[in-house]
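*Asks:* Just one file: start05.cif, with mmCIF, C-alpha atoms.
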data_query
loop_
_atom_site.group_PDB
_atom_site.id
_atom_site.type_symbol
_atom_site.label_atom_id
_atom_site.label_comp_id
_atom_site.auth_asym_id
_atom_site.auth_seq_id
_atom_site.Cartn_x
_atom_site.Cartn_y
_atom_site.Cartn_z
ATOM 1 C CA MET Z 189 -42.205 126.566 -116.215
ATOM 2 C CA ARG Z 190 -43.588 124.492 -113.382
ATOM 3 C CA ARG Z 191 -41.473 123.127 -110.551
ATOM 4 C CA LEU Z 192 -40.296 119.554 -110.982
ATOM 5 C CA ILE Z 193 -41.507 117.412 -108.126
ATOM 6 C CA PRO Z 194 -38.532 115.477 -106.759
ATOM 7 C CA SER Z 195 -39.066 111.753 -106.807
ATOM 8 C CA ASN Z 196 -37.811 109.214 -104.295
ATOM 9 C CA ARG Z 197 -37.098 107.057 -107.329
ATOM 10 C CA ARG Z 198 -34.649 109.686 -108.580
ATOM 11 C CA LEU Z 199 -32.011 107.700 -106.716
ATOM 12 C CA THR Z 200 -32.593 104.956 -109.282
ATOM 13 C CA ILE Z 201 -32.164 107.151 -112.365
ATOM 14 C CA MET Z 202 -30.268 110.340 -111.745
ATOM 15 C CA MET Z 203 -28.463 110.637 -115.064
ATOM 16 C CA LEU Z 204 -29.962 112.234 -118.153
ATOM 17 C CA ILE Z 205 -28.054 111.983 -121.443
ATOM 18 C CA PHE Z 206 -29.266 114.473 -124.044
ATOM 19 C CA ASP Z 207 -28.649 114.572 -127.754
ATOM 20 C CA LEU Z 208 -27.905 118.150 -128.838
ATOM 21 C CA ASP Z 209 -28.997 118.961 -132.424
ATOM 22 C CA GLY Z 210 -32.730 118.511 -132.865
ATOM 23 C CA THR Z 211 -33.264 117.886 -129.144
ATOM 24 C CA LEU Z 212 -32.114 121.058 -127.416
ATOM 25 C CA PHE Z 213 -30.543 123.063 -130.244
ATOM 26 C CA GLN Z 214 -32.058 124.171 -133.562
ATOM 27 C CA ALA Z 215 -29.178 123.265 -135.863
ATOM 28 C CA LYS Z 216 -30.827 123.636 -139.287
ATOM 29 C CA PRO Z 217 -30.360 127.442 -139.459
ATOM 30 C CA VAL Z 218 -26.716 127.040 -138.403
ATOM 31 C CA PHE Z 219 -25.958 124.453 -141.071
ATOM 32 C CA ARG Z 220 -27.798 126.502 -143.701
ATOM 33 C CA LEU Z 221 -25.694 129.546 -142.873
ATOM 34 C CA ALA Z 222 -22.452 127.534 -142.771
ATOM 35 C CA GLY Z 223 -23.177 126.208 -146.250
ATOM 36 C CA GLU Z 224 -22.411 122.837 -147.705
ATOM 37 C CA GLY Z 225 -19.942 121.292 -150.096
ATOM 38 C CA VAL Z 226 -16.379 122.489 -150.621
ATOM 39 C CA ASP Z 227 -16.822 125.750 -148.665
ATOM 40 C CA PHE Z 228 -18.022 123.948 -145.554
ATOM 41 C CA SER Z 229 -15.495 124.012 -142.687
ATOM 42 C CA LEU Z 230 -15.554 123.581 -138.922
ATOM 43 C CA GLU Z 231 -14.515 127.227 -138.537
ATOM 44 C CA LYS Z 232 -17.443 128.388 -140.669
ATOM 45 C CA LEU Z 233 -19.768 126.103 -138.704
ATOM 46 C CA LEU Z 234 -18.589 127.534 -135.368
ATOM 47 C CA ASP Z 235 -19.041 131.086 -136.658
ATOM 48 C CA SER Z 236 -22.558 130.148 -137.782
ATOM 49 C CA VAL Z 237 -23.437 128.960 -134.262
ATOM 50 C CA SER Z 238 -22.770 132.490 -132.997
ATOM 51 C CA ALA Z 239 -24.725 134.078 -135.845
ATOM 52 C CA ALA Z 240 -27.766 131.812 -136.106
ATOM 53 C CA GLY Z 241 -27.763 129.333 -133.229
ATOM 54 C CA GLU Z 242 -30.726 129.045 -130.862
ATOM 55 C CA LEU Z 243 -32.183 126.548 -128.461
ATOM 56 C CA PHE Z 244 -35.691 125.282 -129.087
ATOM 57 C CA PRO Z 245 -38.189 127.483 -127.202
ATOM 58 C CA GLY Z 246 -38.365 126.273 -123.601
ATOM 59 C CA ALA Z 247 -35.201 124.131 -123.765
ATOM 60 C CA PHE Z 248 -33.178 126.434 -121.500
ATOM 61 C CA GLU Z 249 -35.847 126.329 -118.797
ATOM 62 C CA VAL Z 250 -36.097 122.539 -119.063
ATOM 63 C CA VAL Z 251 -32.396 121.874 -118.543
ATOM 64 C CA GLN Z 252 -32.295 124.469 -115.749
ATOM 65 C CA LEU Z 253 -35.258 122.822 -114.014
ATOM 66 C CA LEU Z 254 -33.848 119.298 -114.330
ATOM 67 C CA HIS Z 255 -30.445 120.468 -113.097
ATOM 68 C CA THR Z 256 -32.036 122.207 -110.091
ATOM 69 C CA ALA Z 257 -33.995 119.022 -109.336
ATOM 70 C CA GLY Z 258 -30.677 117.195 -108.947
ATOM 71 C CA TYR Z 259 -30.337 115.237 -112.151
ATOM 72 C CA ARG Z 260 -26.810 114.695 -113.442
ATOM 73 C CA MET Z 261 -26.871 115.716 -117.093
ATOM 74 C CA TYR Z 262 -24.601 115.019 -120.043
ATOM 75 C CA ILE Z 263 -24.600 115.594 -123.799
ATOM 76 C CA CYS Z 264 -23.857 112.882 -126.367
ATOM 77 C CA SER Z 265 -23.812 114.194 -129.935
ATOM 78 C CA GLN Z 266 -22.563 113.014 -133.323
ATOM 79 C CA SER Z 267 -21.077 116.489 -133.803
ATOM 80 C CA PRO Z 268 -17.381 117.333 -133.271
ATOM 81 C CA ALA Z 269 -16.315 118.313 -129.740
ATOM 82 C CA ALA Z 270 -15.498 121.917 -130.745
ATOM 83 C CA TYR Z 271 -19.049 122.344 -132.084
ATOM 84 C CA ILE Z 272 -20.620 120.875 -128.916
ATOM 85 C CA GLU Z 273 -18.551 123.225 -126.743
ATOM 86 C CA LYS Z 274 -19.469 126.224 -128.900
ATOM 87 C CA VAL Z 275 -23.199 125.442 -128.757
ATOM 88 C CA LEU Z 276 -23.163 124.875 -124.986
ATOM 89 C CA GLU Z 277 -21.321 128.148 -124.362
ATOM 90 C CA HIS Z 278 -23.256 130.212 -126.929
ATOM 91 C CA THR Z 279 -26.633 129.129 -125.548
ATOM 92 C CA GLY Z 280 -25.630 129.501 -121.894
ATOM 93 C CA ILE Z 281 -26.480 125.925 -120.932
ATOM 94 C CA SER Z 282 -22.953 124.612 -120.338
ATOM 95 C CA ARG Z 283 -23.283 125.202 -116.574
ATOM 96 C CA PHE Z 284 -26.111 122.668 -116.366
ATOM 97 C CA PHE Z 285 -24.128 119.769 -117.846
ATOM 98 C CA GLU Z 286 -21.413 117.774 -116.118
ATOM 99 C CA GLY Z 287 -19.824 116.840 -119.421
ATOM 100 C CA TYR Z 288 -20.261 115.760 -123.000
ATOM 101 C CA LYS Z 289 -19.058 113.124 -125.418
ATOM 102 C CA SER Z 290 -18.728 113.426 -129.164
ATOM 103 C CA ALA Z 291 -19.820 110.277 -130.964
ATOM 104 C CA GLU Z 292 -17.972 111.438 -134.073
ATOM 105 C CA GLY Z 293 -15.914 108.527 -135.380
ATOM 106 C CA TYR Z 294 -18.023 105.870 -133.631
ATOM 107 C CA ASP Z 295 -20.298 103.487 -135.540
ATOM 108 C CA SER Z 296 -23.200 104.490 -133.289
ATOM 109 C CA LYS Z 297 -23.934 106.328 -130.055
ATOM 110 C CA SER Z 298 -24.109 103.086 -128.071
ATOM 111 C CA LYS Z 299 -20.494 103.013 -126.862
ATOM 112 C CA PRO Z 300 -20.191 106.768 -126.108
ATOM 113 C CA ILE Z 301 -23.436 106.644 -124.101
ATOM 114 C CA ARG Z 302 -22.198 103.580 -122.186
ATOM 115 C CA GLU Z 303 -18.927 105.430 -121.461
ATOM 116 C CA LEU Z 304 -20.812 108.485 -120.164
ATOM 117 C CA ALA Z 305 -23.114 106.434 -117.939
ATOM 118 C CA GLN Z 306 -20.291 104.339 -116.443
ATOM 119 C CA GLY Z 307 -22.774 101.694 -115.321
ATOM 120 C CA HIS Z 308 -25.244 104.138 -113.741
ATOM 121 C CA PRO Z 309 -28.910 104.049 -114.724
ATOM 122 C CA ALA Z 310 -29.772 106.766 -117.221
ATOM 123 C CA ILE Z 311 -32.446 108.121 -119.498
ATOM 124 C CA VAL Z 312 -31.381 108.974 -123.063
ATOM 125 C CA ILE Z 313 -33.249 111.898 -124.649
ATOM 126 C CA GLY Z 314 -33.002 112.383 -128.391
ATOM 127 C CA ASP Z 315 -34.680 112.910 -131.730
ATOM 128 C CA THR Z 316 -33.270 110.075 -133.844
ATOM 129 C CA HIS Z 317 -33.479 106.329 -134.119
ATOM 130 C CA GLY Z 318 -29.775 106.179 -133.195
ATOM 131 C CA ASP Z 319 -30.464 107.818 -129.822
ATOM 132 C CA ILE Z 320 -33.286 105.419 -128.979
ATOM 133 C CA THR Z 321 -31.368 102.362 -130.224
ATOM 134 C CA ALA Z 322 -28.282 103.312 -128.180
ATOM 135 C CA ALA Z 323 -30.448 103.571 -125.063
ATOM 136 C CA LYS Z 324 -31.988 100.139 -125.686
ATOM 137 C CA GLN Z 325 -28.583 98.548 -126.394
ATOM 138 C CA ASN Z 326 -27.401 99.813 -123.003
ATOM 139 C CA GLY Z 327 -30.529 98.800 -121.068
ATOM 140 C CA MET Z 328 -31.565 102.421 -120.517
ATOM 141 C CA LYS Z 329 -34.901 104.169 -120.772
ATOM 142 C CA SER Z 330 -35.411 106.640 -123.611
ATOM 143 C CA ILE Z 331 -37.438 109.718 -124.455
ATOM 144 C CA ALA Z 332 -38.039 110.539 -128.116
ATOM 145 C CA VAL Z 333 -38.514 114.209 -128.844
ATOM 146 C CA MET Z 334 -41.092 114.484 -131.573
ATOM 147 C CA TYR Z 335 -40.237 118.077 -132.562
ATOM 148 C CA GLY Z 336 -36.669 117.269 -133.662
ATOM 149 C CA TYR Z 337 -35.159 116.152 -136.932
ATOM 150 C CA GLY Z 338 -35.561 112.379 -136.742
ATOM 151 C CA ASN Z 339 -37.964 110.069 -138.516
ATOM 152 C CA LYS Z 340 -41.040 109.814 -136.316
ATOM 153 C CA ALA Z 341 -41.823 106.234 -137.394
ATOM 154 C CA LEU Z 342 -38.330 105.108 -136.348
ATOM 155 C CA LEU Z 343 -38.763 106.621 -132.872
ATOM 156 C CA ALA Z 344 -41.598 104.212 -131.981
ATOM 157 C CA PRO Z 345 -39.443 101.979 -129.689
ATOM 158 C CA ALA Z 346 -38.894 104.857 -127.222
ATOM 159 C CA ASP Z 347 -40.293 104.563 -123.694
ATOM 160 C CA ALA Z 348 -41.848 108.050 -123.738
ATOM 161 C CA PHE Z 349 -42.514 110.836 -126.240
ATOM 162 C CA ALA Z 350 -42.134 114.596 -125.792
ATOM 163 C CA GLU Z 351 -44.032 116.885 -128.153
ATOM 164 C CA SER Z 352 -42.118 119.955 -126.904
ATOM 165 C CA PRO Z 353 -39.097 120.665 -124.716
ATOM 166 C CA GLY Z 354 -41.472 121.103 -121.756
ATOM 167 C CA GLY Z 355 -42.770 117.614 -122.438
ATOM 168 C CA ILE Z 356 -39.337 116.229 -121.536
ATOM 169 C CA VAL Z 357 -39.981 117.098 -117.878
ATOM 170 C CA ARG Z 358 -43.311 115.259 -117.889
ATOM 171 C CA CYS Z 359 -41.661 112.239 -119.537
ATOM 172 C CA VAL Z 360 -38.839 112.156 -116.974
ATOM 173 C CA GLU Z 361 -41.408 112.318 -114.168
ATOM 174 C CA TRP Z 362 -43.442 109.514 -115.757
ATOM 175 C CA ILE Z 363 -40.385 107.255 -116.222
ATOM 176 C CA MET Z 364 -39.325 107.887 -112.617
ATOM 177 C CA ARG Z 365 -42.710 106.608 -111.418
ATOM 178 C CA LEU Z 366 -42.359 103.298 -113.292
#
Produce C-alpha coordinates that represent the structure in this file.

*Replies:*
Amino acid sequence: MRRLIPSNRRLTIMMLIFDLDGTLFQAKPVFRLAGEGVDFSLEKLLDSVSAAGELFPGAFEVVQLLHTAGYRMYICSQSPAAYIEKVLEHTGISRFFEGYKSAEGYDSKSKPIRELAQGHPAIVIGDTHGDITAAKQNGMKSIAVMYGYGNKALLAPADAFAESPGGIVRCVEWIMRL
(Lines of atoms letter the chains of each structure in order from A and count residues from 1; the text may use other names and numbers.)
(Lines give C-alpha, C1' and ligand atoms only; values in the text may rest on other atoms or scores of the structure.)
Protein backbone atom coordinates (compact mmCIF):
# COMPACT_ATOMS: atom_id res chain seq x y z
CA MET A 1 0.00 0.00 0.00
CA ARG A 2 1.43 3.37 -0.92
CA ARG A 3 1.99 6.17 1.57
CA LEU A 4 -0.78 8.75 1.76
CA ILE A 5 0.57 12.18 0.99
CA PRO A 6 -0.59 14.55 3.73
CA SER A 7 -2.54 17.48 2.40
CA ASN A 8 -2.57 21.02 3.75
CA ARG A 9 -6.29 20.90 3.06
CA ARG A 10 -6.63 18.04 5.55
CA LEU A 11 -7.33 20.75 8.11
CA THR A 12 -10.57 21.38 6.22
CA ILE A 13 -11.77 17.76 6.21
CA MET A 14 -10.20 15.60 8.86
CA MET A 15 -13.14 13.35 9.64
CA LEU A 16 -13.98 10.21 7.70
CA ILE A 17 -17.26 8.42 8.46
CA PHE A 18 -17.34 4.86 7.13
CA ASP A 19 -20.25 2.53 6.65
CA LEU A 20 -19.31 -0.97 7.81
CA ASP A 21 -21.11 -3.79 5.93
CA GLY A 22 -20.33 -3.69 2.23
CA THR A 23 -17.73 -0.94 2.67
CA LEU A 24 -15.08 -2.42 4.94
CA PHE A 25 -16.61 -5.73 6.02
CA GLN A 26 -17.89 -8.62 3.89
CA ALA A 27 -21.16 -9.30 5.71
CA LYS A 28 -22.89 -11.66 3.26
CA PRO A 29 -21.03 -14.80 4.48
CA VAL A 30 -21.80 -13.84 8.09
CA PHE A 31 -25.52 -13.40 7.46
CA ARG A 32 -25.64 -16.62 5.43
CA LEU A 33 -24.07 -18.54 8.30
CA ALA A 34 -26.31 -16.89 10.91
CA GLY A 35 -29.37 -17.94 8.93
CA GLU A 36 -32.63 -16.14 8.48
CA GLY A 37 -36.18 -16.36 9.75
CA VAL A 38 -37.18 -17.64 13.18
CA ASP A 39 -33.73 -19.05 14.05
CA PHE A 40 -32.01 -15.73 13.44
CA SER A 41 -30.77 -14.04 16.64
CA LEU A 42 -28.20 -11.42 17.58
CA GLU A 43 -26.24 -14.09 19.46
CA LYS A 44 -26.09 -16.30 16.37
CA LEU A 45 -25.08 -13.29 14.27
CA LEU A 46 -22.23 -12.41 16.65
CA ASP A 47 -21.02 -16.01 16.64
CA SER A 48 -21.10 -15.94 12.83
CA VAL A 49 -18.84 -12.86 12.77
CA SER A 50 -16.16 -14.91 14.53
CA ALA A 51 -16.66 -17.89 12.23
CA ALA A 52 -17.03 -16.24 8.83
CA GLY A 53 -16.29 -12.53 9.12
CA GLU A 54 -13.63 -10.86 6.99
CA LEU A 55 -12.73 -7.42 5.78
CA PHE A 56 -12.63 -6.79 2.05
CA PRO A 57 -9.08 -7.39 0.75
CA GLY A 58 -7.03 -4.25 1.37
CA ALA A 59 -9.52 -2.65 3.80
CA PHE A 60 -7.27 -3.11 6.85
CA GLU A 61 -4.36 -1.38 5.12
CA VAL A 62 -6.61 1.47 3.98
CA VAL A 63 -7.94 2.31 7.43
CA GLN A 64 -4.44 1.94 8.91
CA LEU A 65 -3.01 4.30 6.29
CA LEU A 66 -5.75 6.91 6.74
CA HIS A 67 -5.41 6.72 10.52
CA THR A 68 -1.63 7.16 10.29
CA ALA A 69 -2.15 10.16 7.99
CA GLY A 70 -4.10 11.84 10.79
CA TYR A 71 -7.71 11.46 9.75
CA ARG A 72 -10.25 11.10 12.54
CA MET A 73 -12.36 8.08 11.65
CA TYR A 74 -15.76 6.84 12.75
CA ILE A 75 -18.22 4.11 11.79
CA CYS A 76 -21.92 4.71 11.14
CA SER A 77 -23.84 1.51 10.44
CA GLN A 78 -27.47 0.39 10.36
CA SER A 79 -26.41 -2.67 12.37
CA PRO A 80 -26.88 -3.02 16.15
CA ALA A 81 -24.10 -1.66 18.38
CA ALA A 82 -23.10 -5.14 19.64
CA TYR A 83 -22.56 -6.29 16.04
CA ILE A 84 -20.47 -3.20 15.17
CA GLU A 85 -18.29 -3.75 18.25
CA LYS A 86 -17.86 -7.44 17.42
CA VAL A 87 -16.84 -6.73 13.82
CA LEU A 88 -14.38 -3.99 14.82
CA GLU A 89 -12.74 -6.22 17.44
CA HIS A 90 -12.77 -9.42 15.34
CA THR A 91 -11.13 -7.71 12.36
CA GLY A 92 -8.58 -5.80 14.44
CA ILE A 93 -9.58 -2.37 13.14
CA SER A 94 -11.16 -0.97 16.31
CA ARG A 95 -7.92 0.84 17.22
CA PHE A 96 -8.17 2.99 14.09
CA PHE A 97 -11.62 4.39 14.87
CA GLU A 98 -12.46 7.03 17.47
CA GLY A 99 -16.01 5.77 17.78
CA TYR A 100 -19.11 4.46 16.10
CA LYS A 101 -22.83 5.09 15.94
CA SER A 102 -25.55 2.58 15.23
CA ALA A 103 -28.27 3.99 13.00
CA GLU A 104 -30.59 1.18 14.07
CA GLY A 105 -33.95 2.70 14.97
CA TYR A 106 -33.39 5.88 12.93
CA ASP A 107 -35.32 6.62 9.74
CA SER A 108 -32.03 7.19 7.91
CA LYS A 109 -28.33 7.69 8.56
CA SER A 110 -28.63 11.47 8.26
CA LYS A 111 -29.09 12.26 11.97
CA PRO A 112 -26.52 9.73 13.29
CA ILE A 113 -23.92 11.05 10.82
CA ARG A 114 -24.68 14.64 11.86
CA GLU A 115 -24.29 13.61 15.52
CA LEU A 116 -20.92 11.96 14.81
CA ALA A 117 -19.59 14.95 12.87
CA GLN A 118 -20.69 17.52 15.47
CA GLY A 119 -20.45 20.30 12.90
CA HIS A 120 -17.00 19.32 11.60
CA PRO A 121 -16.45 18.80 7.88
CA ALA A 122 -16.45 15.13 6.95
CA ILE A 123 -16.40 12.67 4.09
CA VAL A 124 -18.95 9.83 4.24
CA ILE A 125 -17.79 6.55 2.68
CA GLY A 126 -20.38 3.89 1.93
CA ASP A 127 -21.94 1.45 -0.49
CA THR A 128 -25.62 2.43 -0.41
CA HIS A 129 -27.87 5.24 -1.51
CA GLY A 130 -28.61 5.91 2.18
CA ASP A 131 -24.94 6.66 2.87
CA ILE A 132 -24.64 9.08 -0.04
CA THR A 133 -27.99 10.75 0.72
CA ALA A 134 -27.06 11.23 4.40
CA ALA A 135 -23.82 12.92 3.34
CA LYS A 136 -25.66 15.27 0.97
CA GLN A 137 -28.32 16.10 3.59
CA ASN A 138 -25.52 17.15 5.95
CA GLY A 139 -23.52 19.13 3.38
CA MET A 140 -20.69 16.59 3.37
CA LYS A 141 -18.68 15.05 0.57
CA SER A 142 -19.20 11.36 -0.19
CA ILE A 143 -17.35 8.40 -1.65
CA ALA A 144 -19.38 5.53 -3.09
CA VAL A 145 -17.68 2.17 -2.94
CA MET A 146 -18.60 0.31 -6.07
CA TYR A 147 -17.62 -3.15 -4.77
CA GLY A 148 -20.19 -3.18 -1.95
CA TYR A 149 -23.79 -4.28 -1.73
CA GLY A 150 -25.64 -1.16 -2.88
CA ASN A 151 -27.38 -0.39 -6.14
CA LYS A 152 -24.77 1.15 -8.42
CA ALA A 153 -27.31 3.34 -10.25
CA LEU A 154 -28.44 4.87 -6.94
CA LEU A 155 -24.86 5.77 -6.00
CA ALA A 156 -24.52 8.23 -8.91
CA PRO A 157 -24.87 11.39 -6.73
CA ALA A 158 -21.62 10.60 -4.87
CA ASP A 159 -18.66 12.97 -5.22
CA ALA A 160 -16.16 10.17 -5.91
CA PHE A 161 -16.20 6.44 -6.65
CA ALA A 162 -13.88 3.72 -5.34
CA GLU A 163 -13.65 0.47 -7.29
CA SER A 164 -11.68 -1.22 -4.47
CA PRO A 165 -10.76 -0.46 -0.87
CA GLY A 166 -7.46 0.99 -2.12
CA GLY A 167 -9.46 3.35 -4.30
CA ILE A 168 -10.82 5.00 -1.14
CA VAL A 169 -7.39 6.52 -0.49
CA ARG A 170 -7.22 7.98 -4.00
CA CYS A 171 -10.75 9.38 -3.60
CA VAL A 172 -9.93 11.00 -0.25
CA GLU A 173 -6.82 12.57 -1.79
CA TRP A 174 -8.84 13.84 -4.76
CA ILE A 175 -11.57 15.36 -2.54
CA MET A 176 -8.93 17.04 -0.37
CA ARG A 177 -7.53 18.78 -3.46
CA LEU A 178 -10.92 20.28 -4.40

*Asks:* Using all atoms listed in the file, find the one residue out of Z:Tyr262, Z:Phe219, Z:Phe206, Z:Phe284 that sits nearest to Z:Glu249.

*Replies:*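 Nearest candidate to Z:Glu249 out of Z:Tyr262, Z:Phe219, Z:Phe206, Z:Phe284: Z:Phe284.
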
*Asks:* Using all atoms listed in the file, which residue out of Z:Ala305, Z:Ile272, Z:Asp315, Z:Ile363 lies closest to Z:Gly338?

*Replies:*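 Of all the options, Z:Asp315 lies closest to Z:Gly338.
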
*Asks:* So what do you get for atom CA of Z:Gly327 versus atom CA of Z:Gln306, distance-wise?

*Replies:*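 Atom-to-atom, atom CA of Z:Gly327 to atom CA of Z:Gln306, that is 12.5 Å.
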
*Asks:* Evaluate the PyMOL selection byres ((chain Z and resi 330) around 8) here and jot the selected residues down as an MDAnalysis selection string.

*Replies:* chainID Z and resid 311:314 320 323:324 328:329 331:332 346:348

*Asks:* To one decimal place, how far is atom CA of Z:Gly354 from atom CA of Z:Arg220 in Å?

*Replies:* 26.4 Å

*Asks:* Which residues come within 8 Å of Z:Phe213, counting only C-alpha atoms, excluding same-chain residues fewer than 6 positions away, as a PyMOL selection string?

*Replies:* chain Z and resi 241-244+275

*Asks:* Please list as an MDAnalysis selection string every residue within 10 Å of Z:Tyr337, counting all atoms listed in the file and excluding residues in the same chain fewer than 5 positions away.

*Replies:* chainID Z and resid 209:211 214:216 314:316

*Asks:* Give the answer as one residue: which of Z:Val218, Z:Cys264, Z:Ile281, Z:Ala350 has the shortest atom-to-atom distance to Z:Gly318, using only C-alpha atoms?

*Replies:*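 Selected residue with least distance to Z:Gly318: Z:Cys264.
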
*Asks:* For a test of reading the model, state the distance in Å between atom CA of Z:Pro217 and atom CA of Z:Lys299, rounded to one decimal.

*Replies:* 29.2 Å

*Asks:* Quick check on the file I pasted: which residues fall under the PyMOL selection byres ((chain Z and resi 303) around 12)? Write them as a PyMOL selection string.

*Replies:* chain Z and resi 205+262-264+287-291+297-302+304-308+310+322+326

*Asks:* For the file shown, report as an mmCIF file with C-alpha atoms, in the frame of the given file the outcome of the PyMOL selection byres ((chain Z and resi 251) around 12) at residue level.

*Replies:*
data_model
loop_
_atom_site.group_PDB
_atom_site.id
_atom_site.type_symbol
_atom_site.label_atom_id
_atom_site.label_comp_id
_atom_site.auth_asym_id
_atom_site.auth_seq_id
_atom_site.Cartn_x
_atom_site.Cartn_y
_atom_site.Cartn_z
ATOM 1 C CA MET Z 189 -42.205 126.566 -116.215
ATOM 2 C CA LEU Z 192 -40.296 119.554 -110.982
ATOM 3 C CA LEU Z 204 -29.962 112.234 -118.153
ATOM 4 C CA ILE Z 205 -28.054 111.983 -121.443
ATOM 5 C CA PHE Z 206 -29.266 114.473 -124.044
ATOM 6 C CA LEU Z 208 -27.905 118.150 -128.838
ATOM 7 C CA THR Z 211 -33.264 117.886 -129.144
ATOM 8 C CA LEU Z 212 -32.114 121.058 -127.416
ATOM 9 C CA PHE Z 213 -30.543 123.063 -130.244
ATOM 10 C CA LEU Z 243 -32.183 126.548 -128.461
ATOM 11 C CA PHE Z 244 -35.691 125.282 -129.087
ATOM 12 C CA PRO Z 245 -38.189 127.483 -127.202
ATOM 13 C CA GLY Z 246 -38.365 126.273 -123.601
ATOM 14 C CA ALA Z 247 -35.201 124.131 -123.765
ATOM 15 C CA PHE Z 248 -33.178 126.434 -121.500
ATOM 16 C CA GLU Z 249 -35.847 126.329 -118.797
ATOM 17 C CA VAL Z 250 -36.097 122.539 -119.063
ATOM 18 C CA GLN Z 252 -32.295 124.469 -115.749
ATOM 19 C CA LEU Z 253 -35.258 122.822 -114.014
ATOM 20 C CA LEU Z 254 -33.848 119.298 -114.330
ATOM 21 C CA HIS Z 255 -30.445 120.468 -113.097
ATOM 22 C CA THR Z 256 -32.036 122.207 -110.091
ATOM 23 C CA ALA Z 257 -33.995 119.022 -109.336
ATOM 24 C CA GLY Z 258 -30.677 117.195 -108.947
ATOM 25 C CA TYR Z 259 -30.337 115.237 -112.151
ATOM 26 C CA ARG Z 260 -26.810 114.695 -113.442
ATOM 27 C CA MET Z 261 -26.871 115.716 -117.093
ATOM 28 C CA TYR Z 262 -24.601 115.019 -120.043
ATOM 29 C CA ILE Z 263 -24.600 115.594 -123.799
ATOM 30 C CA LEU Z 276 -23.163 124.875 -124.986
ATOM 31 C CA THR Z 279 -26.633 129.129 -125.548
ATOM 32 C CA GLY Z 280 -25.630 129.501 -121.894
ATOM 33 C CA ILE Z 281 -26.480 125.925 -120.932
ATOM 34 C CA SER Z 282 -22.953 124.612 -120.338
ATOM 35 C CA ARG Z 283 -23.283 125.202 -116.574
ATOM 36 C CA PHE Z 284 -26.111 122.668 -116.366
ATOM 37 C CA PHE Z 285 -24.128 119.769 -117.846
ATOM 38 C CA GLU Z 286 -21.413 117.774 -116.118
ATOM 39 C CA ILE Z 313 -33.249 111.898 -124.649
ATOM 40 C CA PRO Z 353 -39.097 120.665 -124.716
ATOM 41 C CA GLY Z 354 -41.472 121.103 -121.756
ATOM 42 C CA GLY Z 355 -42.770 117.614 -122.438
ATOM 43 C CA ILE Z 356 -39.337 116.229 -121.536
ATOM 44 C CA VAL Z 357 -39.981 117.098 -117.878
ATOM 45 C CA VAL Z 360 -38.839 112.156 -116.974
#

*Asks:* Choose the residue, out of Z:Met203, Z:Leu342, Z:Leu366, Z:Leu234, that has the smallest atom-to-atom separation from Z:His278; count all atoms listed in the file.

*Replies:*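 Nearest to Z:His278: Z:Leu234.
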
*Asks:* When distances are computed from only C-alpha atoms, which of Z:Asp207, Z:Met202, Z:Pro309, Z:Pro268 shows the smallest separation from Z:Ser229?

*Replies:*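 Nearest candidate to Z:Ser229 out of Z:Asp207, Z:Met202, Z:Pro309, Z:Pro268: Z:Pro268.
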
*Asks:* Taking all atoms listed in the file into account, which of Z:Glu351, Z:Asp295, Z:Glu361, Z:Glu273 comes nearest Z:Tyr335?

*Replies:*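 Of Z:Glu351, Z:Asp295, Z:Glu361, Z:Glu273, the one nearest Z:Tyr335, counting all atoms listed in the file, is Z:Glu351.
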
*Asks:* Starting from 6 Å padding per side, set up an axis-aligned box that covers all listed atoms of stretch 347-355 of chain Z and hand over centre and edge lengths in Å, one decimal, as JSON.

*Replies:*
{"center_x": -41.6, "center_y": 112.8, "center_z": -125.0, "size_x": 16.9, "size_y": 28.5, "size_z": 18.4}
